[in-house]
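Listing of start37.cif; format and content: mmCIF, C-alpha atoms.
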```
data_run
#
loop_
_atom_site.group_PDB
_atom_site.id
_atom_site.type_symbol
_atom_site.label_atom_id
_atom_site.label_comp_id
_atom_site.auth_asym_id
_atom_site.auth_seq_id
_atom_site.Cartn_x
_atom_site.Cartn_y
_atom_site.Cartn_z
ATOM 1 C CA ALA A 16 0.000 0.000 0.000
ATOM 2 C CA TYR A 17 1.161 3.541 -0.741
ATOM 3 C CA ASP A 18 1.023 4.646 2.889
ATOM 4 C CA SER A 19 3.398 1.861 3.919
ATOM 5 C CA ILE A 20 6.234 3.111 1.679
ATOM 6 C CA GLU A 21 5.651 6.828 1.197
ATOM 7 C CA GLY A 22 7.633 7.970 4.235
ATOM 8 C CA ALA A 23 10.778 6.148 3.116
ATOM 9 C CA PHE A 24 11.164 8.486 0.120
ATOM 10 C CA GLU A 25 11.645 11.630 2.188
ATOM 11 C CA GLY A 26 15.133 13.104 1.736
ATOM 12 C CA GLN A 27 16.320 10.477 -0.747
ATOM 13 C CA ASP A 28 18.379 11.150 -3.882
ATOM 14 C CA ALA A 29 17.244 8.160 -5.918
ATOM 15 C CA VAL A 30 14.871 5.210 -6.010
ATOM 16 C CA VAL A 31 15.964 1.694 -6.947
ATOM 17 C CA PHE A 32 12.819 -0.416 -7.304
ATOM 18 C CA LEU A 33 13.657 -4.086 -6.794
ATOM 19 C CA VAL A 34 10.327 -5.377 -5.482
ATOM 20 C CA ALA A 35 9.142 -8.490 -7.294
ATOM 21 C CA LEU A 36 7.461 -11.832 -6.988
ATOM 22 C CA SER A 37 9.297 -14.815 -8.373
ATOM 23 C CA PRO A 38 8.332 -15.897 -11.900
ATOM 24 C CA LEU A 39 9.497 -19.398 -11.032
ATOM 25 C CA PHE A 40 6.660 -20.247 -8.661
ATOM 26 C CA LYS A 41 2.902 -19.783 -8.682
ATOM 27 C CA PRO A 42 2.065 -16.860 -6.352
ATOM 28 C CA LYS A 43 -0.095 -17.449 -3.310
ATOM 29 C CA GLY A 44 -3.354 -15.755 -4.174
ATOM 30 C CA GLY A 45 -3.113 -16.444 -7.894
ATOM 31 C CA TYR A 46 -1.440 -14.852 -10.876
ATOM 32 C CA GLU A 47 -3.174 -11.493 -10.285
ATOM 33 C CA ARG A 48 -0.723 -11.011 -7.433
ATOM 34 C CA HIS A 49 1.882 -10.163 -10.080
ATOM 35 C CA TYR A 50 -0.143 -7.069 -10.943
ATOM 36 C CA ASP A 51 -0.623 -6.170 -7.279
ATOM 37 C CA VAL A 52 3.119 -6.262 -6.656
ATOM 38 C CA HIS A 53 4.725 -5.262 -9.951
ATOM 39 C CA LEU A 54 2.234 -2.814 -11.433
ATOM 40 C CA GLU A 55 0.577 -1.325 -8.360
ATOM 41 C CA GLY A 56 3.885 -1.390 -6.485
ATOM 42 C CA THR A 57 5.563 0.566 -9.276
ATOM 43 C CA GLU A 58 2.685 3.052 -9.414
ATOM 44 C CA ASN A 59 3.057 3.634 -5.669
ATOM 45 C CA ALA A 60 6.838 4.051 -5.879
ATOM 46 C CA VAL A 61 6.617 6.490 -8.800
ATOM 47 C CA HIS A 62 3.926 8.480 -6.995
ATOM 48 C CA ALA A 63 6.007 8.671 -3.807
ATOM 49 C CA ALA A 64 9.133 9.666 -5.744
ATOM 50 C CA LYS A 65 7.295 12.541 -7.410
ATOM 51 C CA GLU A 66 5.676 13.646 -4.156
ATOM 52 C CA HIS A 67 9.073 13.864 -2.462
ATOM 53 C CA GLY A 68 11.007 15.328 -5.375
ATOM 54 C CA VAL A 69 13.154 12.247 -5.992
ATOM 55 C CA ASP A 70 13.913 12.565 -9.695
ATOM 56 C CA ARG A 71 16.292 9.635 -10.255
ATOM 57 C CA TYR A 72 14.539 6.278 -10.634
ATOM 58 C CA LEU A 73 15.934 2.831 -11.483
ATOM 59 C CA GLN A 74 13.472 0.057 -12.268
ATOM 60 C CA MET A 75 14.434 -3.611 -12.063
ATOM 61 C CA SER A 76 12.291 -5.228 -14.720
ATOM 62 C CA ALA A 77 12.735 -8.542 -16.533
ATOM 63 C CA LEU A 78 13.966 -9.750 -19.883
ATOM 64 C CA GLY A 79 11.087 -9.852 -22.348
ATOM 65 C CA ALA A 80 8.842 -7.513 -20.326
ATOM 66 C CA ASP A 81 5.808 -6.868 -22.516
ATOM 67 C CA PRO A 82 2.185 -5.968 -21.692
ATOM 68 C CA ASN A 83 1.111 -8.485 -24.366
ATOM 69 C CA ALA A 84 3.288 -11.407 -23.225
ATOM 70 C CA ASP A 85 2.043 -14.925 -22.510
ATOM 71 C CA THR A 86 2.658 -14.945 -18.745
ATOM 72 C CA ALA A 87 1.222 -12.763 -15.998
ATOM 73 C CA TYR A 88 4.710 -12.111 -14.638
ATOM 74 C CA ILE A 89 6.064 -10.721 -17.919
ATOM 75 C CA ARG A 90 2.833 -8.840 -18.716
ATOM 76 C CA SER A 91 2.810 -7.134 -15.335
ATOM 77 C CA LYS A 92 6.486 -6.215 -15.689
ATOM 78 C CA GLY A 93 5.766 -4.712 -19.115
ATOM 79 C CA GLU A 94 2.897 -2.621 -17.764
ATOM 80 C CA ALA A 95 5.050 -1.473 -14.853
ATOM 81 C CA ASP A 96 7.795 -0.378 -17.249
ATOM 82 C CA ARG A 97 5.260 1.713 -19.132
ATOM 83 C CA VAL A 98 4.348 3.510 -15.896
ATOM 84 C CA VAL A 99 8.016 4.330 -15.330
ATOM 85 C CA LYS A 100 8.549 5.578 -18.884
ATOM 86 C CA ASP A 101 5.503 7.856 -18.613
ATOM 87 C CA SER A 102 6.472 9.171 -15.168
ATOM 88 C CA GLY A 103 8.500 12.234 -16.182
ATOM 89 C CA LEU A 104 11.267 11.069 -13.838
ATOM 90 C CA ASP A 105 14.899 10.534 -14.825
ATOM 91 C CA TRP A 106 14.444 6.804 -15.252
ATOM 92 C CA THR A 107 16.539 3.826 -16.273
ATOM 93 C CA VAL A 108 15.076 0.338 -16.739
ATOM 94 C CA PHE A 109 17.120 -2.847 -16.342
ATOM 95 C CA ARG A 110 15.809 -6.069 -17.873
ATOM 96 C CA PRO A 111 18.036 -8.952 -16.761
ATOM 97 C CA SER A 112 17.793 -12.624 -17.549
ATOM 98 C CA VAL A 113 17.618 -14.906 -14.505
ATOM 99 C CA VAL A 114 19.798 -13.693 -11.632
ATOM 100 C CA PHE A 115 21.837 -16.021 -9.430
ATOM 101 C CA GLY A 116 23.709 -15.467 -6.196
ATOM 102 C CA GLU A 117 23.367 -15.927 -2.458
ATOM 103 C CA GLY A 118 19.701 -16.278 -1.544
ATOM 104 C CA ASP A 119 18.496 -16.700 -5.129
ATOM 105 C CA GLU A 120 15.591 -18.934 -6.167
ATOM 106 C CA PHE A 121 16.903 -19.940 -9.577
ATOM 107 C CA VAL A 122 19.192 -22.770 -8.482
ATOM 108 C CA GLY A 123 16.656 -24.048 -5.952
ATOM 109 C CA PHE A 124 13.856 -23.946 -8.530
ATOM 110 C CA THR A 125 15.993 -25.902 -10.969
ATOM 111 C CA LYS A 126 16.653 -28.585 -8.369
ATOM 112 C CA LEU A 127 12.929 -28.790 -7.605
ATOM 113 C CA LEU A 128 11.920 -29.036 -11.248
ATOM 114 C CA ALA A 129 14.842 -31.272 -12.214
ATOM 115 C CA PRO A 130 15.677 -33.809 -9.466
ATOM 116 C CA PRO A 131 18.961 -35.734 -9.738
ATOM 117 C CA TYR A 132 19.522 -39.260 -11.071
ATOM 118 C CA PHE A 133 16.339 -39.774 -13.123
ATOM 119 C CA THR A 134 15.429 -36.318 -14.427
ATOM 120 C CA PRO A 135 12.307 -35.900 -16.579
ATOM 121 C CA LEU A 136 12.261 -32.414 -18.102
ATOM 122 C CA PRO A 137 9.751 -30.653 -20.366
ATOM 123 C CA GLY A 138 11.110 -30.719 -23.891
ATOM 124 C CA GLY A 139 14.276 -32.390 -22.665
ATOM 125 C CA GLY A 140 15.264 -29.259 -20.755
ATOM 126 C CA GLN A 141 16.155 -27.283 -23.887
ATOM 127 C CA SER A 142 14.709 -23.969 -22.637
ATOM 128 C CA GLU A 143 17.548 -21.438 -22.655
ATOM 129 C CA PHE A 144 18.656 -18.961 -19.989
ATOM 130 C CA GLN A 145 21.464 -16.418 -19.757
ATOM 131 C CA PRO A 146 22.132 -16.292 -15.995
ATOM 132 C CA VAL A 147 23.795 -13.171 -14.617
ATOM 133 C CA TRP A 148 25.512 -12.999 -11.222
ATOM 134 C CA ILE A 149 23.985 -10.514 -8.788
ATOM 135 C CA GLY A 150 27.404 -9.019 -8.008
ATOM 136 C CA ASP A 151 27.941 -8.064 -11.649
ATOM 137 C CA LEU A 152 24.404 -6.732 -12.003
ATOM 138 C CA VAL A 153 24.683 -4.567 -8.888
ATOM 139 C CA GLU A 154 27.868 -2.981 -10.216
ATOM 140 C CA MET A 155 26.006 -1.981 -13.370
ATOM 141 C CA LEU A 156 23.135 -0.556 -11.312
ATOM 142 C CA ALA A 157 25.594 1.559 -9.334
ATOM 143 C CA MET A 158 27.193 2.872 -12.520
ATOM 144 C CA ALA A 159 23.774 3.780 -13.906
ATOM 145 C CA LEU A 160 22.940 5.688 -10.729
ATOM 146 C CA GLU A 161 26.231 7.567 -10.772
ATOM 147 C CA GLY A 162 26.161 8.249 -14.494
ATOM 148 C CA SER A 163 29.432 6.383 -14.952
ATOM 149 C CA VAL A 164 30.713 5.290 -18.349
ATOM 150 C CA PRO A 165 33.852 3.269 -19.107
ATOM 151 C CA THR A 166 36.853 5.132 -20.498
ATOM 152 C CA ALA A 167 39.394 3.873 -23.003
ATOM 153 C CA GLU A 168 41.614 2.890 -20.075
ATOM 154 C CA GLY A 169 38.820 0.782 -18.597
ATOM 155 C CA GLU A 170 38.121 3.081 -15.663
ATOM 156 C CA ALA A 171 34.637 4.358 -14.912
ATOM 157 C CA GLU A 172 34.169 8.063 -15.522
ATOM 158 C CA THR A 173 31.324 9.997 -13.940
ATOM 159 C CA GLY A 174 29.757 12.778 -15.954
ATOM 160 C CA ASP A 175 29.032 16.285 -14.682
ATOM 161 C CA GLU A 176 26.112 16.044 -12.313
ATOM 162 C CA GLY A 177 25.391 19.762 -12.108
ATOM 163 C CA ASP A 178 21.882 21.161 -12.412
ATOM 164 C CA GLU A 179 22.284 22.111 -16.075
ATOM 165 C CA GLY A 180 21.017 19.297 -18.241
ATOM 166 C CA GLU A 181 19.903 17.139 -15.315
ATOM 167 C CA ARG A 182 16.320 17.255 -16.535
ATOM 168 C CA GLY A 183 17.270 17.038 -20.183
ATOM 169 C CA ALA A 184 15.519 13.745 -20.797
ATOM 170 C CA GLU A 185 12.248 15.313 -19.706
ATOM 171 C CA THR A 186 12.485 18.741 -21.366
ATOM 172 C CA GLY A 187 14.294 17.772 -24.537
ATOM 173 C CA ASP A 188 16.259 21.052 -24.360
ATOM 174 C CA GLU A 189 19.571 19.676 -23.095
ATOM 175 C CA GLU A 190 21.480 16.431 -23.173
ATOM 176 C CA PRO A 191 21.091 14.676 -19.802
ATOM 177 C CA ALA A 192 24.130 14.787 -17.534
ATOM 178 C CA ASN A 193 23.602 11.098 -16.811
ATOM 179 C CA PRO A 194 23.940 9.130 -20.074
ATOM 180 C CA HIS A 195 21.874 6.253 -18.677
ATOM 181 C CA VAL A 196 18.706 8.320 -18.193
ATOM 182 C CA GLY A 197 15.909 7.207 -20.486
ATOM 183 C CA GLU A 198 17.603 3.926 -21.386
ATOM 184 C CA VAL A 199 16.306 0.344 -21.244
ATOM 185 C CA TYR A 200 19.122 -2.163 -20.745
ATOM 186 C CA GLU A 201 18.775 -5.877 -21.446
ATOM 187 C CA ILE A 202 21.350 -7.710 -19.338
ATOM 188 C CA GLY A 203 22.529 -11.278 -19.793
ATOM 189 C CA GLY A 204 25.362 -13.289 -18.316
ATOM 190 C CA PRO A 205 28.426 -14.658 -20.108
ATOM 191 C CA GLN A 206 26.840 -17.957 -21.141
ATOM 192 C CA VAL A 207 23.608 -19.236 -22.616
ATOM 193 C CA LEU A 208 22.675 -22.426 -20.764
ATOM 194 C CA THR A 209 19.800 -24.819 -21.273
ATOM 195 C CA LEU A 210 17.670 -25.892 -18.330
ATOM 196 C CA ALA A 211 19.281 -29.336 -18.552
ATOM 197 C CA GLU A 212 22.759 -27.787 -18.340
ATOM 198 C CA VAL A 213 21.757 -25.673 -15.356
ATOM 199 C CA ALA A 214 20.369 -28.793 -13.662
ATOM 200 C CA ARG A 215 23.626 -30.689 -14.215
ATOM 201 C CA LEU A 216 25.681 -27.831 -12.777
ATOM 202 C CA ALA A 217 23.365 -27.379 -9.781
ATOM 203 C CA HIS A 218 23.442 -31.064 -8.846
ATOM 204 C CA ALA A 219 27.159 -31.396 -9.609
ATOM 205 C CA ALA A 220 27.710 -29.038 -6.678
ATOM 206 C CA ASP A 221 26.152 -31.776 -4.512
ATOM 207 C CA GLY A 222 28.003 -34.576 -6.294
ATOM 208 C CA LYS A 223 24.825 -35.975 -7.863
ATOM 209 C CA PRO A 224 24.361 -36.980 -11.520
ATOM 210 C CA VAL A 225 21.544 -35.869 -13.793
ATOM 211 C CA ASN A 226 20.171 -38.188 -16.470
ATOM 212 C CA VAL A 227 17.666 -36.206 -18.516
ATOM 213 C CA TYR A 228 14.582 -37.836 -19.983
ATOM 214 C CA SER A 229 12.454 -35.718 -22.280
ATOM 215 C CA VAL A 230 8.798 -35.109 -21.446
ATOM 216 C CA PRO A 231 6.889 -33.863 -24.513
ATOM 217 C CA MET A 232 6.000 -30.198 -24.057
ATOM 218 C CA PRO A 233 2.245 -30.718 -24.671
ATOM 219 C CA LEU A 234 2.153 -33.401 -21.973
ATOM 220 C CA ALA A 235 4.118 -31.214 -19.553
ATOM 221 C CA GLY A 236 1.715 -28.382 -20.325
ATOM 222 C CA VAL A 237 -1.322 -30.464 -19.427
ATOM 223 C CA GLY A 238 0.219 -31.477 -16.113
ATOM 224 C CA LEU A 239 1.343 -27.985 -15.108
ATOM 225 C CA LYS A 240 -1.920 -26.348 -16.172
ATOM 226 C CA LEU A 241 -3.845 -28.820 -14.010
ATOM 227 C CA LEU A 242 -1.794 -27.600 -11.052
ATOM 228 C CA ASP A 243 -3.395 -24.161 -11.446
ATOM 229 C CA ASN A 244 -6.425 -25.679 -9.705
ATOM 230 C CA VAL A 245 -4.448 -27.324 -6.904
ATOM 231 C CA PRO A 246 -4.157 -25.092 -3.814
ATOM 232 C CA GLY A 247 -0.580 -24.754 -2.637
ATOM 233 C CA ALA A 248 0.954 -26.249 -5.788
ATOM 234 C CA PRO A 249 4.303 -24.496 -6.368
ATOM 235 C CA MET A 250 3.995 -24.386 -10.159
ATOM 236 C CA GLY A 251 1.287 -24.072 -12.779
ATOM 237 C CA GLY A 252 0.426 -22.996 -16.291
ATOM 238 C CA ASP A 253 2.495 -19.816 -16.220
ATOM 239 C CA GLN A 254 5.617 -21.803 -15.434
ATOM 240 C CA TYR A 255 4.897 -24.033 -18.435
ATOM 241 C CA ARG A 256 4.428 -20.993 -20.661
ATOM 242 C CA SER A 257 7.696 -19.553 -19.324
ATOM 243 C CA LEU A 258 9.577 -22.706 -20.305
ATOM 244 C CA LYS A 259 8.376 -22.269 -23.889
ATOM 245 C CA ILE A 260 10.185 -18.911 -24.147
ATOM 246 C CA ASP A 261 13.981 -18.682 -24.175
ATOM 247 C CA ASN A 262 15.206 -16.174 -21.577
ATOM 248 C CA VAL A 263 18.173 -14.803 -23.537
ATOM 249 C CA THR A 264 19.109 -11.522 -25.204
ATOM 250 C CA SER A 265 20.878 -10.767 -28.461
ATOM 251 C CA ASP A 266 21.189 -7.123 -27.394
ATOM 252 C CA ASP A 267 23.228 -7.564 -24.219
ATOM 253 C CA ALA A 268 24.033 -4.132 -22.761
ATOM 254 C CA VAL A 269 26.872 -5.197 -20.447
ATOM 255 C CA GLY A 270 29.353 -3.504 -22.792
ATOM 256 C CA VAL A 271 27.748 -0.138 -22.027
ATOM 257 C CA PHE A 272 29.180 -0.536 -18.527
ATOM 258 C CA GLY A 273 32.610 -1.666 -19.687
ATOM 259 C CA PHE A 274 32.090 -5.388 -19.108
ATOM 260 C CA GLU A 275 33.264 -8.088 -21.467
ATOM 261 C CA GLU A 276 32.123 -11.692 -21.396
ATOM 262 C CA LYS A 277 35.352 -12.779 -19.696
ATOM 263 C CA ASP A 278 34.736 -10.285 -16.861
ATOM 264 C CA LEU A 279 31.407 -11.790 -15.811
ATOM 265 C CA ARG A 280 31.055 -14.571 -13.280
ATOM 266 C CA THR A 281 29.659 -17.822 -14.626
ATOM 267 C CA LEU A 282 27.179 -20.075 -12.857
ATOM 268 C CA ALA A 283 29.791 -22.857 -12.714
ATOM 269 C CA GLU A 284 32.272 -20.514 -11.004
ATOM 270 C CA TYR A 285 29.660 -19.476 -8.464
ATOM 271 C CA LEU A 286 28.730 -23.094 -7.708
ATOM 272 C CA GLY A 287 32.390 -24.127 -7.547
ATOM 273 C CA VAL A 288 32.100 -26.857 -10.169
ATOM 274 C CA ASP A 289 33.890 -27.753 -13.393
ATOM 275 C CA PRO A 290 32.076 -26.121 -16.349
ATOM 276 C CA ALA A 291 32.276 -29.498 -18.104
ATOM 277 C CA ALA A 292 29.747 -30.785 -15.558
ATOM 278 C CA ALA A 293 27.065 -29.138 -17.716
ATOM 279 C CA GLU A 294 27.670 -31.780 -20.378
ATOM 280 C CA PRO A 295 25.754 -35.098 -20.345
ATOM 281 C CA GLY A 296 27.507 -37.818 -18.382
ATOM 282 C CA ARG A 297 30.133 -35.492 -16.880
ATOM 283 C CA ALA A 298 28.746 -35.053 -13.323
#
```

Please, can you express the file's structure as structure tokens?
Amino acid sequence: AYDSIEGAFEGQDAVVFLVALSPLFKPKGGYERHYDVHLEGTENAVHAAKEHGVDRYLQMSALGADPNADTAYIRSKGEADRVVKDSGLDWTVFRPSVVFGEGDEFVGFTKLLAPPYFTPLPGGGQSEFQPVWIGDLVEMLAMALEGSVPTAEGEAETGDEGDEGERGAETGDEEPANPHVGEVYEIGGPQVLTLAEVARLAHAADGKPVNVYSVPMPLAGVGLKLLDNVPGAPMGGDQYRSLKIDNVTSDDAVGVFGFEEKDLRTLAEYLGVDPAAAEPGRA
């Protein structure tokens, strides 16, 4: 509710909106909860920012965010992004692929969906992801807030943050001091991995093998859609629809922040396993 957050905006220089439900699990209360949290939550945050004169606004969205998408999660993220773009604030939108790191749900979800040993997966686990480590993503968020851009020497350079031009994105009269204002950045990690490869890496960290058996997508869809009517079921039709869409980007913006593929942490590095463990029979 607006009243529960409004006071926190007093005296702040910027807003970084990270609030989200997980797309990996069916929300308690149904899929409309995505709109309650993502859309209404964004509307409340934008309203509070404007009320308290906080002009700088960073929105954590999701790769593929689109009001016309197939899943409630992605639709609600797309509608929330539209609110931000129409706000008149100095906004930047980040749309990452799946994010991994301490406390994440991605690895745990994969283990739940893809148990070790005998591992039936929808479509053989060929859905693709481009996981990005939270530590790398946070560094990019900080650079966007500060208006930093990489120099030829590889150091981050912060632009002039004086009053002149600060509202350029809104007025159109001046170039914005912060080059990231008004930008939408798709962010992916250094590797594109299939669900099956992620499962092998996740279980390799526990020393367990993964032997994938393909479940036809239509059959998996029937089973997951039936779970929509089962109270407390962790997954449902939206999760099936998500698995039909590859979560990767061909327009990766990490270079805007001076990152190269070799600079980004891989999922295998984070889990402390040999990257070859992603291959069949290598666990």

Problem - segment 136-140 of chain A surroundings by all atoms listed in the file, 10 Å radius, close-in-sequence under 3 positions cut, as a list in words - result: Leu128, Ala129, Pro130, Phe133, Glu143, Thr209, Leu210, Ala211, Glu212, Val213, Ala214, Asn226, Val227, Tyr228, Ser229, Val230, Pro231, Met232, Pro233, Leu234, Ala235, Gly236, Tyr255, Leu258 and Lys259 of chain A

Practice task
Would you be able to write out as an MDAnalysis selection string which residues have an atom within 10 Å of (0.1, -24.3, -11.9) in the file's coordinates, counting all atoms listed in the file?
Solution key: chainID A and resid 40:42 45:46 236:255

Handout entry: Two-atom distance - atom CA of Lys277 of chain A, atom CA of Pro205 of chain A (Å)
Key = 7.2 Å

Problem - Matched chain/residue IDs from the PyMOL selection byres ((chain A and resi 108) around 8), as a ChimeraX atom specification - result: /A:73-76,96,106-107,109-110,197-200

Problem - Option closest in space to Ala159 of chain A, from A:Leu286, A:Val114, A:Val207, A:Ala29 [counting only C-alpha atoms] - result: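 Going through A:Leu286, A:Val114, A:Val207, A:Ala29 one by one, the smallest distance to Ala159 of chain A is for A:Ala29.
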
Handout entry: Nearest to Pro146 of chain A, chosen from A:Gly68, A:Gly203, A:Glu47, A:Gly93, with only C-alpha atoms counted in the distances
Key =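 Residue with the minimum atom-to-atom distance to Pro146 of chain A: A:Gly203.
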
For segment 212-236 of chain A, supply N, CA and C atoms and report the output as a PDB file, in the coordinates of the input.
```pdb
ATOM      1  N   GLU A 212      21.389 -28.122 -18.734  1.00  0.00           N
ATOM      2  CA  GLU A 212      22.759 -27.787 -18.340  1.00  0.00           C
ATOM      3  C   GLU A 212      22.797 -27.145 -16.962  1.00  0.00           C
ATOM      4  N   VAL A 213      21.828 -26.279 -16.690  1.00  0.00           N
ATOM      5  CA  VAL A 213      21.757 -25.673 -15.356  1.00  0.00           C
ATOM      6  C   VAL A 213      21.525 -26.751 -14.306  1.00  0.00           C
ATOM      7  N   ALA A 214      20.646 -27.704 -14.603  1.00  0.00           N
ATOM      8  CA  ALA A 214      20.369 -28.793 -13.662  1.00  0.00           C
ATOM      9  C   ALA A 214      21.625 -29.608 -13.384  1.00  0.00           C
ATOM     10  N   ARG A 215      22.395 -29.907 -14.414  1.00  0.00           N
ATOM     11  CA  ARG A 215      23.626 -30.689 -14.215  1.00  0.00           C
ATOM     12  C   ARG A 215      24.620 -29.923 -13.345  1.00  0.00           C
ATOM     13  N   LEU A 216      24.761 -28.636 -13.586  1.00  0.00           N
ATOM     14  CA  LEU A 216      25.681 -27.831 -12.777  1.00  0.00           C
ATOM     15  C   LEU A 216      25.205 -27.756 -11.327  1.00  0.00           C
ATOM     16  N   ALA A 217      23.907 -27.522 -11.136  1.00  0.00           N
ATOM     17  CA  ALA A 217      23.365 -27.379  -9.781  1.00  0.00           C
ATOM     18  C   ALA A 217      23.559 -28.651  -8.970  1.00  0.00           C
ATOM     19  N   HIS A 218      23.301 -29.803  -9.577  1.00  0.00           N
ATOM     20  CA  HIS A 218      23.442 -31.064  -8.846  1.00  0.00           C
ATOM     21  C   HIS A 218      24.893 -31.514  -8.760  1.00  0.00           C
ATOM     22  N   ALA A 219      25.733 -31.078  -9.698  1.00  0.00           N
ATOM     23  CA  ALA A 219      27.159 -31.396  -9.609  1.00  0.00           C
ATOM     24  C   ALA A 219      27.768 -30.799  -8.349  1.00  0.00           C
ATOM     25  N   ALA A 220      27.223 -29.659  -7.913  1.00  0.00           N
ATOM     26  CA  ALA A 220      27.710 -29.038  -6.678  1.00  0.00           C
ATOM     27  C   ALA A 220      27.447 -29.927  -5.474  1.00  0.00           C
ATOM     28  N   ASP A 221      26.466 -30.825  -5.582  1.00  0.00           N
ATOM     29  CA  ASP A 221      26.152 -31.776  -4.512  1.00  0.00           C
ATOM     30  C   ASP A 221      26.691 -33.167  -4.824  1.00  0.00           C
ATOM     31  N   GLY A 222      27.433 -33.284  -5.918  1.00  0.00           N
ATOM     32  CA  GLY A 222      28.003 -34.576  -6.294  1.00  0.00           C
ATOM     33  C   GLY A 222      26.991 -35.573  -6.815  1.00  0.00           C
ATOM     34  N   LYS A 223      25.884 -35.082  -7.390  1.00  0.00           N
ATOM     35  CA  LYS A 223      24.825 -35.975  -7.863  1.00  0.00           C
ATOM     36  C   LYS A 223      24.692 -35.877  -9.381  1.00  0.00           C
ATOM     37  N   PRO A 224      24.495 -37.003 -10.057  1.00  0.00           N
ATOM     38  CA  PRO A 224      24.361 -36.980 -11.520  1.00  0.00           C
ATOM     39  C   PRO A 224      22.945 -36.618 -11.952  1.00  0.00           C
ATOM     40  N   VAL A 225      22.830 -36.194 -13.183  1.00  0.00           N
ATOM     41  CA  VAL A 225      21.544 -35.869 -13.793  1.00  0.00           C
ATOM     42  C   VAL A 225      21.437 -36.615 -15.115  1.00  0.00           C
ATOM     43  N   ASN A 226      20.434 -37.460 -15.228  1.00  0.00           N
ATOM     44  CA  ASN A 226      20.171 -38.188 -16.470  1.00  0.00           C
ATOM     45  C   ASN A 226      18.821 -37.720 -17.005  1.00  0.00           C
ATOM     46  N   VAL A 227      18.864 -36.874 -18.027  1.00  0.00           N
ATOM     47  CA  VAL A 227      17.666 -36.206 -18.516  1.00  0.00           C
ATOM     48  C   VAL A 227      16.841 -37.123 -19.410  1.00  0.00           C
ATOM     49  N   TYR A 228      15.551 -37.152 -19.135  1.00  0.00           N
ATOM     50  CA  TYR A 228      14.582 -37.836 -19.983  1.00  0.00           C
ATOM     51  C   TYR A 228      13.556 -36.802 -20.435  1.00  0.00           C
ATOM     52  N   SER A 229      13.313 -36.759 -21.722  1.00  0.00           N
ATOM     53  CA  SER A 229      12.454 -35.718 -22.280  1.00  0.00           C
ATOM     54  C   SER A 229      10.973 -36.030 -22.075  1.00  0.00           C
ATOM     55  N   VAL A 230      10.254 -35.048 -21.537  1.00  0.00           N
ATOM     56  CA  VAL A 230       8.798 -35.109 -21.446  1.00  0.00           C
ATOM     57  C   VAL A 230       8.246 -34.201 -22.545  1.00  0.00           C
ATOM     58  N   PRO A 231       7.429 -34.715 -23.445  1.00  0.00           N
ATOM     59  CA  PRO A 231       6.889 -33.863 -24.513  1.00  0.00           C
ATOM     60  C   PRO A 231       6.237 -32.607 -23.945  1.00  0.00           C
ATOM     61  N   MET A 232       6.514 -31.465 -24.564  1.00  0.00           N
ATOM     62  CA  MET A 232       6.000 -30.198 -24.057  1.00  0.00           C
ATOM     63  C   MET A 232       4.476 -30.187 -23.911  1.00  0.00           C
ATOM     64  N   PRO A 233       3.702 -30.719 -24.864  1.00  0.00           N
ATOM     65  CA  PRO A 233       2.245 -30.718 -24.671  1.00  0.00           C
ATOM     66  C   PRO A 233       1.819 -31.488 -23.423  1.00  0.00           C
ATOM     67  N   LEU A 234       2.485 -32.612 -23.156  1.00  0.00           N
ATOM     68  CA  LEU A 234       2.153 -33.401 -21.973  1.00  0.00           C
ATOM     69  C   LEU A 234       2.532 -32.645 -20.704  1.00  0.00           C
ATOM     70  N   ALA A 235       3.705 -32.020 -20.708  1.00  0.00           N
ATOM     71  CA  ALA A 235       4.118 -31.214 -19.553  1.00  0.00           C
ATOM     72  C   ALA A 235       3.144 -30.065 -19.335  1.00  0.00           C
ATOM     73  N   GLY A 236       2.662 -29.483 -20.436  1.00  0.00           N
ATOM     74  CA  GLY A 236       1.715 -28.382 -20.325  1.00  0.00           C
ATOM     75  C   GLY A 236       0.417 -28.799 -19.673  1.00  0.00           C
TER      76      GLY A 236
END
```
